[in-house]
Each structure stands twice: as C-alpha cells, then as structure tokens.
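So this block is run_22.pdb, PDB, N, CA and C atoms:
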ATOM      1  N   MET A   1     -31.121 -23.768  -1.612
ATOM      2  CA  MET A   1     -29.704 -23.829  -1.890
ATOM      3  C   MET A   1     -28.974 -22.937  -0.890
ATOM      4  N   GLU A   2     -27.920 -23.466  -0.304
ATOM      5  CA  GLU A   2     -27.125 -22.700   0.654
ATOM      6  C   GLU A   2     -26.114 -21.846  -0.097
ATOM      7  N   HIS A   3     -25.964 -20.590   0.317
ATOM      8  CA  HIS A   3     -25.030 -19.672  -0.334
ATOM      9  C   HIS A   3     -23.833 -19.424   0.562
ATOM     10  N   MET A   4     -22.673 -19.349  -0.035
ATOM     11  CA  MET A   4     -21.451 -18.984   0.682
ATOM     12  C   MET A   4     -21.097 -17.562   0.282
ATOM     13  N   PHE A   5     -20.788 -16.730   1.250
ATOM     14  CA  PHE A   5     -20.382 -15.358   0.982
ATOM     15  C   PHE A   5     -18.888 -15.242   1.246
ATOM     16  N   TYR A   6     -18.198 -14.539   0.381
ATOM     17  CA  TYR A   6     -16.754 -14.420   0.505
ATOM     18  C   TYR A   6     -16.355 -12.969   0.672
ATOM     19  N   TYR A   7     -15.453 -12.745   1.566
ATOM     20  CA  TYR A   7     -14.865 -11.427   1.792
ATOM     21  C   TYR A   7     -13.372 -11.617   1.640
ATOM     22  N   ASN A   8     -12.830 -11.140   0.547
ATOM     23  CA  ASN A   8     -11.410 -11.312   0.270
ATOM     24  C   ASN A   8     -10.995 -12.783   0.342
ATOM     25  N   TYR A   9     -11.806 -13.641  -0.239
ATOM     26  CA  TYR A   9     -11.535 -15.071  -0.380
ATOM     27  C   TYR A   9     -11.644 -15.862   0.917
ATOM     28  N   ILE A  10     -12.161 -15.266   1.993
ATOM     29  CA  ILE A  10     -12.343 -15.992   3.244
ATOM     30  C   ILE A  10     -13.835 -16.116   3.492
ATOM     31  N   PRO A  11     -14.384 -17.346   3.590
ATOM     32  CA  PRO A  11     -15.829 -17.480   3.798
ATOM     33  C   PRO A  11     -16.246 -16.934   5.152
ATOM     34  N   LEU A  12     -17.353 -16.226   5.162
ATOM     35  CA  LEU A  12     -17.914 -15.683   6.395
ATOM     36  C   LEU A  12     -19.111 -16.511   6.806
ATOM     37  N   PRO A  13     -19.401 -16.550   8.108
ATOM     38  CA  PRO A  13     -20.612 -17.242   8.533
ATOM     39  C   PRO A  13     -21.842 -16.518   8.019
ATOM     40  N   THR A  14     -22.937 -17.242   7.890
ATOM     41  CA  THR A  14     -24.181 -16.642   7.409
ATOM     42  C   THR A  14     -25.202 -16.607   8.525
ATOM     43  N   GLY A  15     -26.301 -15.913   8.302
ATOM     44  CA  GLY A  15     -27.388 -15.858   9.274
ATOM     45  C   GLY A  15     -27.029 -15.024  10.489
ATOM     46  N   ALA A  16     -27.512 -15.437  11.652
ATOM     47  CA  ALA A  16     -27.319 -14.682  12.887
ATOM     48  C   ALA A  16     -25.853 -14.647  13.315
ATOM     49  N   ASP A  17     -25.026 -15.581  12.820
ATOM     50  CA  ASP A  17     -23.623 -15.638  13.210
ATOM     51  C   ASP A  17     -22.744 -14.660  12.436
ATOM     52  N   ALA A  18     -23.292 -13.925  11.490
ATOM     53  CA  ALA A  18     -22.495 -13.080  10.617
ATOM     54  C   ALA A  18     -22.326 -11.661  11.169
ATOM     55  N   MET A  19     -22.172 -11.516  12.471
ATOM     56  CA  MET A  19     -22.035 -10.205  13.085
ATOM     57  C   MET A  19     -20.566  -9.902  13.348
ATOM     58  N   SER A  20     -20.208  -8.625  13.276
ATOM     59  CA  SER A  20     -18.860  -8.208  13.642
ATOM     60  C   SER A  20     -18.925  -6.818  14.245
ATOM     61  N   LYS A  21     -17.920  -6.511  15.046
ATOM     62  CA  LYS A  21     -17.802  -5.196  15.662
ATOM     63  C   LYS A  21     -16.557  -4.531  15.104
ATOM     64  N   LEU A  22     -16.706  -3.353  14.528
ATOM     65  CA  LEU A  22     -15.557  -2.603  14.042
ATOM     66  C   LEU A  22     -14.829  -1.994  15.227
ATOM     67  N   ILE A  23     -13.518  -2.138  15.248
ATOM     68  CA  ILE A  23     -12.731  -1.659  16.379
ATOM     69  C   ILE A  23     -11.781  -0.536  15.951
ATOM     70  N   GLY A  24     -10.793  -0.849  15.108
ATOM     71  CA  GLY A  24      -9.859   0.158  14.609
ATOM     72  C   GLY A  24      -8.899   0.703  15.651
ATOM     73  N   GLU A  25      -8.535  -0.105  16.657
ATOM     74  CA  GLU A  25      -7.628   0.342  17.721
ATOM     75  C   GLU A  25      -6.244  -0.274  17.546
ATOM     76  N   PRO A  26      -5.198   0.459  17.969
ATOM     77  CA  PRO A  26      -3.839  -0.088  17.866
ATOM     78  C   PRO A  26      -3.649  -1.274  18.812
ATOM     79  N   ILE A  27      -2.815  -2.223  18.375
ATOM     80  CA  ILE A  27      -2.478  -3.400  19.176
ATOM     81  C   ILE A  27      -0.983  -3.649  19.077
ATOM     82  N   LYS A  28      -0.472  -4.451  19.986
ATOM     83  CA  LYS A  28       0.916  -4.904  19.945
ATOM     84  C   LYS A  28       0.892  -6.359  19.527
ATOM     85  N   VAL A  29       1.645  -6.709  18.476
ATOM     86  CA  VAL A  29       1.657  -8.073  17.935
ATOM     87  C   VAL A  29       2.972  -8.760  18.293
ATOM     88  N   HIS A  30       2.882 -10.007  18.755
ATOM     89  CA  HIS A  30       4.051 -10.837  19.035
ATOM     90  C   HIS A  30       4.178 -11.857  17.913
ATOM     91  N   ARG A  31       5.426 -12.003  17.395
ATOM     92  CA  ARG A  31       5.663 -12.911  16.265
ATOM     93  C   ARG A  31       6.892 -13.763  16.510
ATOM     94  N   LYS A  32       6.891 -14.936  15.867
ATOM     95  CA  LYS A  32       8.069 -15.801  15.866
ATOM     96  C   LYS A  32       9.091 -15.234  14.885
ATOM     97  N   GLU A  33      10.251 -15.855  14.840
ATOM     98  CA  GLU A  33      11.290 -15.434  13.898
ATOM     99  C   GLU A  33      10.833 -15.542  12.452
ATOM    100  N   ASP A  34       9.940 -16.495  12.155
ATOM    101  CA  ASP A  34       9.453 -16.664  10.782
ATOM    102  C   ASP A  34       8.257 -15.758  10.478
ATOM    103  N   SER A  35       7.969 -14.790  11.358
ATOM    104  CA  SER A  35       6.891 -13.793  11.223
ATOM    105  C   SER A  35       5.504 -14.329  11.544
ATOM    106  N   THR A  36       5.385 -15.568  12.005
ATOM    107  CA  THR A  36       4.097 -16.110  12.393
ATOM    108  C   THR A  36       3.589 -15.373  13.629
ATOM    109  N   ILE A  37       2.340 -14.918  13.587
ATOM    110  CA  ILE A  37       1.756 -14.213  14.724
ATOM    111  C   ILE A  37       1.391 -15.234  15.798
ATOM    112  N   THR A  38       1.891 -15.011  17.022
ATOM    113  CA  THR A  38       1.636 -15.925  18.131
ATOM    114  C   THR A  38       0.676 -15.341  19.160
ATOM    115  N   ALA A  39       0.621 -14.003  19.252
ATOM    116  CA  ALA A  39      -0.240 -13.364  20.242
ATOM    117  C   ALA A  39      -0.355 -11.879  19.907
ATOM    118  N   PHE A  40      -1.343 -11.232  20.531
ATOM    119  CA  PHE A  40      -1.437  -9.777  20.435
ATOM    120  C   PHE A  40      -1.995  -9.222  21.740
ATOM    121  N   ILE A  41      -1.673  -7.979  22.019
ATOM    122  CA  ILE A  41      -2.162  -7.300  23.215
ATOM    123  C   ILE A  41      -3.126  -6.216  22.769
ATOM    124  N   TRP A  42      -4.332  -6.267  23.320
ATOM    125  CA  TRP A  42      -5.373  -5.278  23.034
ATOM    126  C   TRP A  42      -5.991  -4.860  24.353
ATOM    127  N   ARG A  43      -6.031  -3.569  24.599
ATOM    128  CA  ARG A  43      -6.586  -3.018  25.849
ATOM    129  C   ARG A  43      -5.960  -3.673  27.076
ATOM    130  N   LYS A  44      -4.622  -3.822  27.031
ATOM    131  CA  LYS A  44      -3.812  -4.372  28.133
ATOM    132  C   LYS A  44      -4.113  -5.836  28.436
ATOM    133  N   ARG A  45      -4.708  -6.557  27.479
ATOM    134  CA  ARG A  45      -4.994  -7.982  27.654
ATOM    135  C   ARG A  45      -4.277  -8.779  26.575
ATOM    136  N   LEU A  46      -3.698  -9.908  26.969
ATOM    137  CA  LEU A  46      -2.980 -10.775  26.048
ATOM    138  C   LEU A  46      -3.937 -11.778  25.423
ATOM    139  N   TYR A  47      -3.909 -11.882  24.096
ATOM    140  CA  TYR A  47      -4.694 -12.846  23.332
ATOM    141  C   TYR A  47      -3.715 -13.780  22.630
ATOM    142  N   ARG A  48      -3.776 -15.066  22.943
ATOM    143  CA  ARG A  48      -2.894 -16.056  22.314
ATOM    144  C   ARG A  48      -3.550 -16.581  21.041
ATOM    145  N   VAL A  49      -2.809 -16.529  19.953
ATOM    146  CA  VAL A  49      -3.341 -16.961  18.657
ATOM    147  C   VAL A  49      -3.278 -18.480  18.572
ATOM    148  N   ASN A  50      -4.442 -19.091  18.361
ATOM    149  CA  ASN A  50      -4.542 -20.547  18.209
ATOM    150  C   ASN A  50      -4.398 -20.971  16.755
ATOM    151  N   GLU A  51      -4.894 -20.123  15.857
ATOM    152  CA  GLU A  51      -4.916 -20.480  14.436
ATOM    153  C   GLU A  51      -4.986 -19.210  13.589
ATOM    154  N   VAL A  52      -4.200 -19.185  12.535
ATOM    155  CA  VAL A  52      -4.343 -18.138  11.517
ATOM    156  C   VAL A  52      -5.292 -18.699  10.472
ATOM    157  N   ILE A  53      -6.458 -18.073  10.355
ATOM    158  CA  ILE A  53      -7.493 -18.557   9.443
ATOM    159  C   ILE A  53      -7.181 -18.174   8.004
ATOM    160  N   GLY A  54      -6.662 -16.975   7.819
ATOM    161  CA  GLY A  54      -6.334 -16.515   6.483
ATOM    162  C   GLY A  54      -5.709 -15.135   6.516
ATOM    163  N   TRP A  55      -5.172 -14.731   5.391
ATOM    164  CA  TRP A  55      -4.594 -13.392   5.263
ATOM    165  C   TRP A  55      -4.774 -12.903   3.843
ATOM    166  N   TRP A  56      -4.739 -11.593   3.688
ATOM    167  CA  TRP A  56      -4.858 -10.968   2.373
ATOM    168  C   TRP A  56      -4.326  -9.543   2.442
ATOM    169  N   ARG A  57      -4.080  -8.985   1.301
ATOM    170  CA  ARG A  57      -3.648  -7.587   1.193
ATOM    171  C   ARG A  57      -4.742  -6.800   0.500
ATOM    172  N   GLU A  58      -4.971  -5.600   0.992
ATOM    173  CA  GLU A  58      -5.943  -4.725   0.346
ATOM    174  C   GLU A  58      -5.197  -3.597  -0.336
ATOM    175  N   PRO A  59      -5.481  -3.373  -1.604
ATOM    176  CA  PRO A  59      -4.803  -2.305  -2.328
ATOM    177  C   PRO A  59      -5.183  -0.939  -1.762
ATOM    178  N   SER A  60      -4.315   0.007  -2.001
ATOM    179  CA  SER A  60      -4.569   1.360  -1.532
ATOM    180  C   SER A  60      -4.223   2.345  -2.643
ATOM    181  N   ASP A  61      -4.346   3.600  -2.331
ATOM    182  CA  ASP A  61      -3.960   4.652  -3.282
ATOM    183  C   ASP A  61      -2.442   4.830  -3.224
ATOM    184  N   TRP A  62      -1.698   3.838  -3.708
ATOM    185  CA  TRP A  62      -0.246   3.879  -3.614
ATOM    186  C   TRP A  62       0.335   5.110  -4.291
ATOM    187  N   TRP A  63      -0.340   5.621  -5.316
ATOM    188  CA  TRP A  63       0.144   6.798  -6.012
ATOM    189  C   TRP A  63       0.039   8.055  -5.136
ATOM    190  N   ASN A  64      -0.764   7.979  -4.056
ATOM    191  CA  ASN A  64      -0.865   9.082  -3.097
ATOM    192  C   ASN A  64      -0.013   8.827  -1.858
ATOM    193  N   GLY A  65       0.845   7.812  -1.921
ATOM    194  CA  GLY A  65       1.737   7.512  -0.812
ATOM    195  C   GLY A  65       1.121   6.696   0.310
ATOM    196  N   LYS A  66      -0.065   6.137   0.101
ATOM    197  CA  LYS A  66      -0.711   5.321   1.132
ATOM    198  C   LYS A  66      -0.198   3.890   1.059
ATOM    199  N   ALA A  67       0.048   3.310   2.225
ATOM    200  CA  ALA A  67       0.590   1.956   2.293
ATOM    201  C   ALA A  67      -0.504   0.917   2.057
ATOM    202  N   ILE A  68      -0.087  -0.251   1.584
ATOM    203  CA  ILE A  68      -1.002  -1.385   1.426
ATOM    204  C   ILE A  68      -1.218  -2.001   2.803
ATOM    205  N   ARG A  69      -2.442  -2.367   3.111
ATOM    206  CA  ARG A  69      -2.764  -3.001   4.388
ATOM    207  C   ARG A  69      -2.695  -4.510   4.254
ATOM    208  N   LEU A  70      -2.007  -5.143   5.201
ATOM    209  CA  LEU A  70      -1.968  -6.601   5.299
ATOM    210  C   LEU A  70      -2.964  -7.002   6.378
ATOM    211  N   PHE A  71      -3.998  -7.771   6.006
ATOM    212  CA  PHE A  71      -5.006  -8.235   6.955
ATOM    213  C   PHE A  71      -4.732  -9.690   7.326
ATOM    214  N   VAL A  72      -4.985 -10.030   8.584
ATOM    215  CA  VAL A  72      -4.838 -11.393   9.076
ATOM    216  C   VAL A  72      -6.057 -11.697   9.943
ATOM    217  N   ARG A  73      -6.724 -12.802   9.662
ATOM    218  CA  ARG A  73      -7.855 -13.234  10.489
ATOM    219  C   ARG A  73      -7.386 -14.423  11.320
ATOM    220  N   VAL A  74      -7.601 -14.341  12.649
ATOM    221  CA  VAL A  74      -7.102 -15.360  13.570
ATOM    222  C   VAL A  74      -8.183 -15.794  14.551
ATOM    223  N   ASN A  75      -8.027 -17.004  15.064
ATOM    224  CA  ASN A  75      -8.754 -17.446  16.247
ATOM    225  C   ASN A  75      -7.779 -17.267  17.399
ATOM    226  N   ALA A  76      -8.230 -16.570  18.452
ATOM    227  CA  ALA A  76      -7.349 -16.294  19.582
ATOM    228  C   ALA A  76      -8.116 -16.476  20.879
ATOM    229  N   THR A  77      -7.344 -16.730  21.957
ATOM    230  CA  THR A  77      -7.940 -17.000  23.260
ATOM    231  C   THR A  77      -7.434 -16.008  24.291
ATOM    232  N   ASN A  78      -8.387 -15.459  25.054
ATOM    233  CA  ASN A  78      -8.093 -14.715  26.275
ATOM    234  C   ASN A  78      -8.846 -15.473  27.356
ATOM    235  N   SER A  79      -9.970 -14.985  27.822
ATOM    236  CA  SER A  79     -10.795 -15.772  28.746
ATOM    237  C   SER A  79     -11.712 -16.722  27.961
ATOM    238  N   SER A  80     -11.931 -16.406  26.687
ATOM    239  CA  SER A  80     -12.679 -17.278  25.780
ATOM    240  C   SER A  80     -12.043 -17.171  24.398
ATOM    241  N   THR A  81     -12.445 -18.054  23.495
ATOM    242  CA  THR A  81     -11.890 -18.048  22.143
ATOM    243  C   THR A  81     -12.792 -17.241  21.223
ATOM    244  N   GLY A  82     -12.185 -16.424  20.368
ATOM    245  CA  GLY A  82     -12.938 -15.629  19.420
ATOM    246  C   GLY A  82     -12.169 -15.462  18.125
ATOM    247  N   THR A  83     -12.815 -14.869  17.147
ATOM    248  CA  THR A  83     -12.195 -14.611  15.848
ATOM    249  C   THR A  83     -11.954 -13.115  15.729
ATOM    250  N   TYR A  84     -10.726 -12.772  15.343
ATOM    251  CA  TYR A  84     -10.291 -11.383  15.295
ATOM    252  C   TYR A  84      -9.655 -11.098  13.942
ATOM    253  N   GLU A  85      -9.873  -9.894  13.441
ATOM    254  CA  GLU A  85      -9.273  -9.461  12.183
ATOM    255  C   GLU A  85      -8.287  -8.339  12.503
ATOM    256  N   LEU A  86      -7.007  -8.607  12.234
ATOM    257  CA  LEU A  86      -5.933  -7.659  12.491
ATOM    258  C   LEU A  86      -5.440  -7.104  11.166
ATOM    259  N   TYR A  87      -4.860  -5.900  11.191
ATOM    260  CA  TYR A  87      -4.196  -5.426   9.980
ATOM    261  C   TYR A  87      -2.952  -4.637  10.316
ATOM    262  N   GLN A  88      -2.002  -4.705   9.398
ATOM    263  CA  GLN A  88      -0.748  -3.977   9.528
ATOM    264  C   GLN A  88      -0.741  -2.849   8.520
ATOM    265  N   LEU A  89      -0.407  -1.669   8.991
ATOM    266  CA  LEU A  89      -0.296  -0.488   8.141
ATOM    267  C   LEU A  89       1.063   0.124   8.431
ATOM    268  N   GLY A  90       1.977  -0.009   7.489
ATOM    269  CA  GLY A  90       3.360   0.398   7.750
ATOM    270  C   GLY A  90       3.954  -0.540   8.777
ATOM    271  N   GLU A  91       4.484   0.012   9.859
ATOM    272  CA  GLU A  91       5.048  -0.801  10.934
ATOM    273  C   GLU A  91       4.052  -1.019  12.070
ATOM    274  N   SER A  92       2.892  -0.404  12.011
ATOM    275  CA  SER A  92       1.906  -0.465  13.089
ATOM    276  C   SER A  92       0.843  -1.523  12.819
ATOM    277  N   TRP A  93       0.327  -2.118  13.909
ATOM    278  CA  TRP A  93      -0.737  -3.109  13.840
ATOM    279  C   TRP A  93      -1.993  -2.582  14.511
ATOM    280  N   PHE A  94      -3.158  -2.983  13.993
ATOM    281  CA  PHE A  94      -4.447  -2.548  14.496
ATOM    282  C   PHE A  94      -5.417  -3.724  14.547
ATOM    283  N   LEU A  95      -6.348  -3.664  15.497
ATOM    284  CA  LEU A  95      -7.443  -4.627  15.529
ATOM    285  C   LEU A  95      -8.573  -4.002  14.714
ATOM    286  N   SER A  96      -8.889  -4.621  13.595
ATOM    287  CA  SER A  96      -9.918  -4.099  12.699
ATOM    288  C   SER A  96     -11.309  -4.484  13.172
ATOM    289  N   LYS A  97     -11.517  -5.797  13.424
ATOM    290  CA  LYS A  97     -12.854  -6.301  13.758
ATOM    291  C   LYS A  97     -12.751  -7.437  14.782
ATOM    292  N   VAL A  98     -13.817  -7.568  15.558
ATOM    293  CA  VAL A  98     -14.055  -8.743  16.359
ATOM    294  C   VAL A  98     -15.282  -9.398  15.773
ATOM    295  N   LEU A  99     -15.154 -10.639  15.341
ATOM    296  CA  LEU A  99     -16.268 -11.348  14.720
ATOM    297  C   LEU A  99     -16.976 -12.205  15.754
ATOM    298  N   ASP A 100     -18.272 -12.060  15.826
ATOM    299  CA  ASP A 100     -19.084 -12.825  16.784
ATOM    300  C   ASP A 100     -19.536 -14.135  16.177
TER     301      ASP A 100
END

Now that the file is in, can you turn its structure into structure tokens?
Amino acid sequence: MEHMFYYNYIPLPTGADAMSKLIGEPIKVHRKEDSTITAFIWRKRLYRVNEVIGWWREPSDWWNGKAIRLFVRVNATNSSTGTYELYQLGESWFLSKVLD
C-alpha cells in the first residue's frame, strides 16, 4: 500500500525525492496588485514563480508578541525549475527550504 505524507495539508514526495535543504535567508518578493507572488530574489538571483503549490499559516506564541508565519510553497525558475518554500514574518520574507 502506498502512503501519502502530509505537511500542513500539502503532500510531500516520498522515497529518495523527499529531500529538502533548510535555508532561512531573507529574500525580496515581487507581487501583483492582488498579492499574488510573481518572483523572488535570493542571493542576487531572480526566480520567476511558475505556480503557487499551496499556502498555510503556522501558529505562534501570539501571547508573547510573536507574529504568525505565512508559508507559501512555489515552483520557480532560474536556470532550472525547483520547488521553494517561502515564509512571511511581519513585513519580511524568507526562503525557508529548497525541496529537491
């Protein structure tokens, strides 16, 4: 029987394809007027977003003044296409993970 694993309601690949690299670096996000993410800049390179795969919010210790993080998983292209997990904390954006 094949099993599906879910991380915040988004299915992840299984087996050898289930690798990711934690990054945690700041990025610059470009958005349309309707807030749709169109591209982001990471390490001085532009990544064009082809598809928003999913998004979710992660709760935080709001009673301690910590903001809720908005996560967005996208397929984006630079020299090749990859899957990236971005998050917004306050007004700042960060690259959380690169999924292989």

- Run the PyMOL selection byres (((chain A and resi 67 and name CA) around 12) and name CA) mentally over the shown coordinates, then write out the matched residues as a list in words, using the chain letters and numbers from the document.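 That expression, the PyMOL selection byres (((chain A and resi 67 and name CA) around 12) and name CA), corresponds here to Arg57, Glu58, Pro59, Ser60, Asp61, Trp62, Trp63, Asn64, Gly65, Lys66, Ile68, Arg69, Leu70, Tyr87, Gln88, Leu89, Gly90, Glu91 and Ser92 of chain A.
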
- Message: Would you compute the distance between CA of Trp56 in chain A and CA of Ser80 in chain A? Give it in Å to one decimal.
- Response: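 That distance, rounded to one decimal, is 25.5 Å.
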
- Task: Take CA of Pro26 in chain A and CA of Trp55 in chain A and report the distance between them in Å, one decimal.
- Result: 18.3 Å

- Item | Nearest-residue call for Thr83 in chain A, choices A:Phe71, A:Phe40, A:Lys97, A:Glu33, using all atoms listed in the file |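 Answer, going by the shortest atom-to-atom distance: A:Lys97.
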
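Distances to Asn78 in chain A were evaluated for A:Ile27, A:Met19, A:Val49, A:Leu95 using all atoms listed in the file, and the minimum falls at A:Val49.
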
- Quick one: distance from CA of Leu99 in chain A to atom N of Asp34 in chain A in Å, one decimal? 26.8 Å

- Task: Apply DSSP to the backbone of this structure and, from chain A, keep only the residues in strand (DSSP E or B); write these as a ChimeraX atom specification.
- Result: /A:5-7,10-12,20-31,37-42,45-58,69-77,81-89,92-99
